[in-house]
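Trainee: Structure file entry_14.cif, mmCIF, C-alpha atoms and all ligand atoms, is pasted below:
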data_protein
loop_
_atom_site.label_atom_id
_atom_site.label_comp_id
_atom_site.auth_asym_id
_atom_site.auth_seq_id
_atom_site.Cartn_x
_atom_site.Cartn_y
_atom_site.Cartn_z
CA MET N 184 4.72 -190.02 -150.32
CA TYR N 185 4.90 -189.76 -146.50
CA LYS N 186 1.18 -188.97 -146.15
CA ILE N 187 0.06 -191.83 -148.42
CA VAL N 188 2.21 -194.42 -146.61
CA LEU N 189 1.14 -193.10 -143.18
CA GLU N 190 -2.54 -193.35 -144.19
CA ALA N 191 -1.96 -196.90 -145.48
CA HIS N 192 -0.02 -197.92 -142.35
CA SER N 193 -2.67 -196.38 -140.13
CA GLY N 194 -5.58 -198.06 -142.00
CA ILE N 195 -4.08 -201.53 -142.53
CA ALA N 196 -3.36 -201.58 -138.77
CA TYR N 197 -7.13 -202.04 -138.17
CA LEU N 198 -7.34 -204.93 -140.64
CA ALA N 199 -4.22 -206.61 -139.23
CA LEU N 200 -5.41 -206.29 -135.61
CA ILE N 201 -8.95 -207.50 -136.39
CA ALA N 202 -7.63 -210.49 -138.39
CA LEU N 203 -5.16 -211.35 -135.59
CA PHE N 204 -7.87 -211.11 -132.91
CA ILE N 205 -10.20 -213.37 -134.91
CA THR N 206 -7.43 -215.93 -135.57
CA VAL N 207 -6.46 -216.06 -131.89
CA ILE N 208 -10.03 -216.37 -130.57
CA ASN N 209 -10.85 -218.95 -133.25
CA ALA N 210 -7.73 -220.98 -132.37
CA PHE N 211 -8.60 -221.08 -128.66
CA LEU N 212 -12.22 -222.01 -129.46
CA GLY N 213 -10.97 -224.78 -131.78
CA LEU N 214 -8.67 -226.09 -129.05
CA SER N 215 -11.29 -226.08 -126.32
CA SER N 216 -13.99 -227.73 -128.47
CA LYS N 217 -11.47 -230.19 -130.00
CA ARG N 218 -13.08 -229.74 -133.38
CA THR N 219 -11.66 -230.40 -136.88
CA PHE N 220 -9.34 -227.80 -138.42
CA LYS N 221 -11.19 -226.60 -141.54
CA SER N 222 -10.19 -224.63 -144.62
CA SER N 223 -11.91 -221.54 -143.13
CA ASP N 224 -9.60 -221.78 -140.07
CA ARG N 225 -6.60 -221.81 -142.41
CA LYS N 226 -7.98 -218.81 -144.36
CA ILE N 227 -8.43 -216.70 -141.22
CA GLY N 228 -4.79 -217.33 -140.27
CA LEU N 229 -3.67 -216.56 -143.82
CA PHE N 230 -5.52 -213.21 -143.85
CA ALA N 231 -3.84 -212.24 -140.57
CA LEU N 232 -0.44 -213.27 -142.00
CA ILE N 233 -0.96 -211.25 -145.21
CA PHE N 234 -2.18 -208.10 -143.43
CA THR N 235 0.73 -208.16 -140.95
CA HIS N 236 3.21 -208.62 -143.81
CA ILE N 237 1.72 -205.72 -145.79
CA GLN N 238 1.86 -203.70 -142.56
CA LEU N 239 5.53 -204.62 -142.10
CA LEU N 240 6.32 -203.47 -145.65
CA ALA N 241 4.44 -200.16 -145.19
CA GLY N 242 6.16 -199.75 -141.80
CA LEU N 243 9.63 -200.20 -143.32
CA ILE N 244 8.89 -197.57 -146.00
CA LEU N 245 7.41 -195.24 -143.36
CA TYR N 246 10.44 -195.71 -141.15
CA SER N 247 12.74 -194.49 -143.91
CA VAL N 248 10.66 -191.41 -144.83
CA SER N 249 9.10 -190.31 -141.50
CA GLN N 250 10.66 -187.64 -139.28
CA THR N 251 9.85 -189.89 -136.31
CA GLY N 252 11.54 -192.97 -137.79
CA PHE N 253 15.14 -193.66 -138.75
CA SER N 254 16.11 -189.98 -139.01
CA MET N 255 14.95 -189.50 -135.42
CA LEU N 256 17.01 -192.47 -134.27
CA THR N 257 20.17 -191.15 -135.93
CA SER N 258 19.59 -187.58 -134.66
CA GLY N 259 20.62 -188.73 -131.19
CA ASN N 260 17.63 -187.06 -129.46
CA ALA N 261 15.24 -190.02 -129.47
CA MET N 262 16.39 -192.02 -126.45
CA GLY N 263 15.61 -189.43 -123.79
CA ASN N 264 11.98 -188.96 -124.86
CA ALA N 265 9.46 -191.81 -124.46
CA ASP N 266 7.29 -190.83 -127.49
CA MET N 267 10.28 -190.47 -129.79
CA ARG N 268 11.87 -193.70 -128.54
CA LEU N 269 8.59 -195.50 -129.24
CA THR N 270 8.36 -194.66 -132.97
CA ALA N 271 12.12 -194.53 -133.62
CA LEU N 272 13.07 -197.79 -131.90
CA GLU N 273 10.57 -199.79 -129.80
CA HIS N 274 7.60 -199.90 -132.20
CA PRO N 275 9.64 -201.00 -135.27
CA LEU N 276 11.84 -203.47 -133.40
CA ILE N 277 9.08 -205.16 -131.38
CA ASN N 278 6.77 -205.29 -134.39
CA ILE N 279 9.42 -206.96 -136.56
CA ILE N 280 9.81 -209.61 -133.82
CA ALA N 281 5.98 -209.95 -133.72
CA VAL N 282 5.77 -210.50 -137.49
CA VAL N 283 8.56 -213.11 -137.28
CA LEU N 284 6.61 -214.96 -134.54
CA ILE N 285 3.38 -214.85 -136.57
CA THR N 286 5.25 -216.18 -139.62
CA ILE N 287 6.73 -219.00 -137.50
CA GLY N 288 3.21 -219.81 -136.27
CA TRP N 289 1.95 -219.99 -139.86
CA SER N 290 4.74 -222.33 -141.01
CA LYS N 291 4.45 -224.49 -137.86
CA HIS N 292 0.70 -224.94 -138.40
CA LYS N 293 1.41 -226.24 -141.92
CA LYS N 294 3.80 -228.90 -140.59
CA GLN N 295 1.31 -230.16 -138.01
CA ILE N 296 -0.77 -233.19 -139.00
CA ALA N 297 -3.17 -233.23 -136.03
CA ASP N 298 -5.99 -230.65 -136.05
CA GLN N 299 -5.29 -229.69 -132.45
CA GLY N 300 -1.61 -229.11 -133.34
CA LYS N 301 -2.64 -226.64 -136.04
CA PHE N 302 -4.88 -224.69 -133.66
CA LYS N 303 -2.11 -224.79 -131.04
CA SER N 304 0.45 -223.23 -133.41
CA PHE N 305 -1.91 -220.32 -134.08
CA ALA N 306 -2.90 -220.04 -130.41
CA ILE N 307 0.72 -219.76 -129.23
CA PHE N 308 2.50 -217.77 -131.93
CA TYR N 309 -0.28 -215.48 -133.12
CA THR N 310 -1.16 -214.62 -129.50
CA LEU N 311 2.46 -213.72 -128.73
CA GLY N 312 2.67 -211.64 -131.92
CA LEU N 313 -0.61 -209.85 -131.17
CA LEU N 314 0.41 -209.05 -127.58
CA LEU N 315 3.76 -207.65 -128.73
CA ILE N 316 2.06 -205.49 -131.39
CA LEU N 317 -0.52 -204.18 -128.87
CA SER N 318 2.24 -203.36 -126.37
CA ARG N 319 3.99 -200.95 -128.75
CA ILE N 320 1.28 -199.16 -130.77
CA PRO N 321 1.57 -195.35 -130.61
CA TRP N 322 -2.05 -195.16 -129.31
CA GLY N 323 -1.88 -191.40 -128.64
CA THR N 324 -1.07 -190.42 -132.25
CA TRP N 325 -3.25 -193.13 -133.81
CA ILE N 326 -6.59 -192.98 -131.96
CA GLY N 327 -6.06 -189.96 -129.71
C1 LIG N 401 3.21 -205.13 -138.06
C2 LIG N 401 2.57 -204.47 -137.15
C3 LIG N 401 2.45 -202.98 -137.07
C4 LIG N 401 1.33 -202.31 -136.68
C5 LIG N 401 -0.01 -202.93 -136.28
C6 LIG N 401 1.63 -200.90 -136.75
C7 LIG N 401 0.75 -199.90 -136.42
C8 LIG N 401 1.04 -198.55 -136.41
C9 LIG N 401 0.12 -197.51 -136.05
C10 LIG N 401 -1.35 -197.74 -135.68
C11 LIG N 401 0.77 -196.32 -136.14
C12 LIG N 401 0.19 -194.92 -135.88
C13 LIG N 401 -0.24 -194.37 -137.22
C14 LIG N 401 -0.84 -192.97 -137.12
O1 LIG N 401 -0.37 -192.16 -136.29
O2 LIG N 401 -1.77 -192.69 -137.87
C15 LIG N 401 2.14 -196.60 -136.53
C16 LIG N 401 3.13 -195.65 -136.71
C17 LIG N 401 4.40 -195.89 -137.16
N1 LIG N 401 4.90 -197.15 -137.53
FE1 LIG N 401 3.92 -198.93 -137.36
N2 LIG N 401 2.94 -200.72 -137.16
C18 LIG N 401 3.49 -201.97 -137.38
C19 LIG N 401 4.78 -202.23 -137.80
C20 LIG N 401 5.75 -201.27 -138.07
C21 LIG N 401 7.10 -201.56 -138.49
C22 LIG N 401 7.68 -202.96 -138.67
C23 LIG N 401 7.74 -200.35 -138.66
C24 LIG N 401 9.13 -200.00 -139.10
C25 LIG N 401 10.05 -200.85 -139.48
C26 LIG N 401 6.79 -199.30 -138.34
C27 LIG N 401 7.06 -197.96 -138.37
C28 LIG N 401 6.22 -196.96 -137.93
C29 LIG N 401 6.58 -195.55 -137.82
C30 LIG N 401 7.93 -194.92 -138.16
C31 LIG N 401 5.45 -194.88 -137.34
C32 LIG N 401 5.31 -193.38 -137.02
C33 LIG N 401 4.92 -192.65 -138.27
C34 LIG N 401 4.76 -191.16 -138.04
O3 LIG N 401 4.06 -190.77 -137.08
O4 LIG N 401 5.35 -190.40 -138.81
N3 LIG N 401 5.60 -199.91 -137.98
N4 LIG N 401 2.27 -197.96 -136.71
#
Translate this structure into structure tokens?
Mentor:
Amino acid sequence: MYKIVLEAHSGIAYLALIALFITVINAFLGLSSKRTFKSSDRKIGLFALIFTHIQLLAGLILYSVSQTGFSMLTSGNAMGNADMRLTALEHPLINIIAVVLITIGWSKHKKQIADQGKFKSFAIFYTLGLLLILSRIPWGTWIG
């Protein structure tokens, strides 16, 4: 169970990050060129939203089964060690905030009537979400 969810969480991370990067770059390009917001712009944002939500779900399952997740937090040893604190507290907490921001960006873009307003919602909220996610990825265990 642990291995399957870890593999999924590790693999979907690529898809979520790529989709977020594309949405953010596309939103800034849309803003600077002042072009029309098309159905493809909406789809890119939707893919990023779906991948981050799947990632959140996999992360929550992982957190309950991994030795470096909730059990580490309750063991009382996590706070003194930077690596342990990252997976037991900072990574989950910051990423939940990031997913909330991305979800707010998605719902705000839907309420906007002007094309530039739609791009702006993605540019602000998806960028904040992406930066938060990037700031708390356990790079050493993932890529290293
Ligand atoms: C939504 C954005 C998220 C991204 C992009 C992300 C990405 C990653 C990556 C790349 C790893 C390293 C995987 C590996 O070592 O192969 C990881 C580990 C982990 N993630 Fe996430 N994660 C996200 C959200 C979450 C959330 C919300 C939670 C918990 C509520 C969570 C819990 C964990 C745990 C516990 C580990 C360590 C697993 C272990 O080494 O046993 N993640 N995450």
Trainee: Taking only residues of chain N that have an atom at most 7 Å from an atom of ligand LIG 401 (chain N), what is each one's shortest atom pair and its distance in Å to one decimal, using only C-alpha atoms and all ligand atoms, in chain and number order, as JSON lines?
Mentor:
{"residue": "N:Leu189", "atom": "CA", "partner": "N:LIG401", "partner_atom": "O2", "distance": 6.1}
{"residue": "N:Glu190", "atom": "CA", "partner": "N:LIG401", "partner_atom": "O2", "distance": 6.4}
{"residue": "N:His192", "atom": "CA", "partner": "N:LIG401", "partner_atom": "C8", "distance": 6.1}
{"residue": "N:Ser193", "atom": "CA", "partner": "N:LIG401", "partner_atom": "C13", "distance": 4.3}
{"residue": "N:Ala196", "atom": "CA", "partner": "N:LIG401", "partner_atom": "C5", "distance": 4.4}
{"residue": "N:Ala199", "atom": "CA", "partner": "N:LIG401", "partner_atom": "C5", "distance": 6.3}
{"residue": "N:Leu200", "atom": "CA", "partner": "N:LIG401", "partner_atom": "C5", "distance": 6.4}
{"residue": "N:Thr235", "atom": "CA", "partner": "N:LIG401", "partner_atom": "C1", "distance": 4.9}
{"residue": "N:His236", "atom": "CA", "partner": "N:LIG401", "partner_atom": "C1", "distance": 6.7}
{"residue": "N:Gln238", "atom": "CA", "partner": "N:LIG401", "partner_atom": "C1", "distance": 4.9}
{"residue": "N:Leu239", "atom": "CA", "partner": "N:LIG401", "partner_atom": "C22", "distance": 4.4}
{"residue": "N:Gly242", "atom": "CA", "partner": "N:LIG401", "partner_atom": "C26", "distance": 3.5}
{"residue": "N:Leu243", "atom": "CA", "partner": "N:LIG401", "partner_atom": "C25", "distance": 3.9}
{"residue": "N:Leu245", "atom": "CA", "partner": "N:LIG401", "partner_atom": "C30", "distance": 5.2}
{"residue": "N:Tyr246", "atom": "CA", "partner": "N:LIG401", "partner_atom": "C30", "distance": 4.0}
{"residue": "N:Ser249", "atom": "CA", "partner": "N:LIG401", "partner_atom": "O4", "distance": 4.6}
{"residue": "N:Gln250", "atom": "CA", "partner": "N:LIG401", "partner_atom": "O4", "distance": 6.0}
{"residue": "N:Thr251", "atom": "CA", "partner": "N:LIG401", "partner_atom": "O4", "distance": 5.2}
{"residue": "N:Gly252", "atom": "CA", "partner": "N:LIG401", "partner_atom": "C30", "distance": 4.1}
{"residue": "N:Thr270", "atom": "CA", "partner": "N:LIG401", "partner_atom": "C30", "distance": 5.2}
{"residue": "N:Ala271", "atom": "CA", "partner": "N:LIG401", "partner_atom": "C30", "distance": 6.2}
{"residue": "N:His274", "atom": "CA", "partner": "N:LIG401", "partner_atom": "N3", "distance": 6.1}
{"residue": "N:Pro275", "atom": "CA", "partner": "N:LIG401", "partner_atom": "C23", "distance": 3.9}
{"residue": "N:Leu276", "atom": "CA", "partner": "N:LIG401", "partner_atom": "C22", "distance": 6.7}
{"residue": "N:Asn278", "atom": "CA", "partner": "N:LIG401", "partner_atom": "C22", "distance": 5.0}
{"residue": "N:Ile279", "atom": "CA", "partner": "N:LIG401", "partner_atom": "C22", "distance": 4.8}
{"residue": "N:Val282", "atom": "CA", "partner": "N:LIG401", "partner_atom": "C1", "distance": 6.0}
{"residue": "N:Ile316", "atom": "CA", "partner": "N:LIG401", "partner_atom": "C2", "distance": 5.9}
{"residue": "N:Ile320", "atom": "CA", "partner": "N:LIG401", "partner_atom": "C9", "distance": 5.7}
{"residue": "N:Pro321", "atom": "CA", "partner": "N:LIG401", "partner_atom": "C12", "distance": 5.5}
{"residue": "N:Trp322", "atom": "CA", "partner": "N:LIG401", "partner_atom": "C10", "distance": 6.9}
{"residue": "N:Thr324", "atom": "CA", "partner": "N:LIG401", "partner_atom": "O1", "distance": 4.5}
{"residue": "N:Trp325", "atom": "CA", "partner": "N:LIG401", "partner_atom": "O1", "distance": 3.9}
Trainee: Near Ile201 of chain N, counting only C-alpha atoms, which residues have an atom at most 12 Å away, once you skip same-chain residues fewer than 4 positions from it, shown as a VMD selection string?
Mentor: chain N and resid 194 to 197 205 to 208 227 to 228 230 to 232 234 to 235 313 317
Trainee: List the spatial neighbours of Met267 of chain N as a PDB file with C-alpha atoms, keeping the file's coordinate frame - criterion: any atom at most 9 Å away, all atoms listed in the file, same-chain residues fewer than 4 positions off excluded.
Mentor:
ATOM      1  CA  THR N 251       9.850-189.890-136.310  1.00  0.00           C
ATOM      2  CA  GLY N 252      11.540-192.970-137.790  1.00  0.00           C
ATOM      3  CA  MET N 255      14.950-189.500-135.420  1.00  0.00           C
ATOM      4  CA  LEU N 256      17.010-192.470-134.270  1.00  0.00           C
ATOM      5  CA  ASN N 260      17.630-187.060-129.460  1.00  0.00           C
ATOM      6  CA  ALA N 261      15.240-190.020-129.470  1.00  0.00           C
ATOM      7  CA  MET N 262      16.390-192.020-126.450  1.00  0.00           C
ATOM      8  CA  GLY N 263      15.610-189.430-123.790  1.00  0.00           C
ATOM      9  CA  ALA N 271      12.120-194.530-133.620  1.00  0.00           C
ATOM     10  CA  LEU N 272      13.070-197.790-131.900  1.00  0.00           C
TER      11      LEU N 272
END
Trainee: Please indicate the distance in Å from atom CA of Ser216 of chain N to atom CA of Thr310 of chain N, rounded to one decimal place.
Mentor: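 Result for atom CA of Ser216 of chain N versus atom CA of Thr310 of chain N: 18.4 Å, one decimal.
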Trainee: Quick one: pull the distance between atom CA of Phe204 of chain N and atom CA of Phe308 of chain N, Å, one decimal.
Mentor: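 Value for the atom CA of Phe204 of chain N-atom CA of Phe308 of chain N distance: 12.4 Å.
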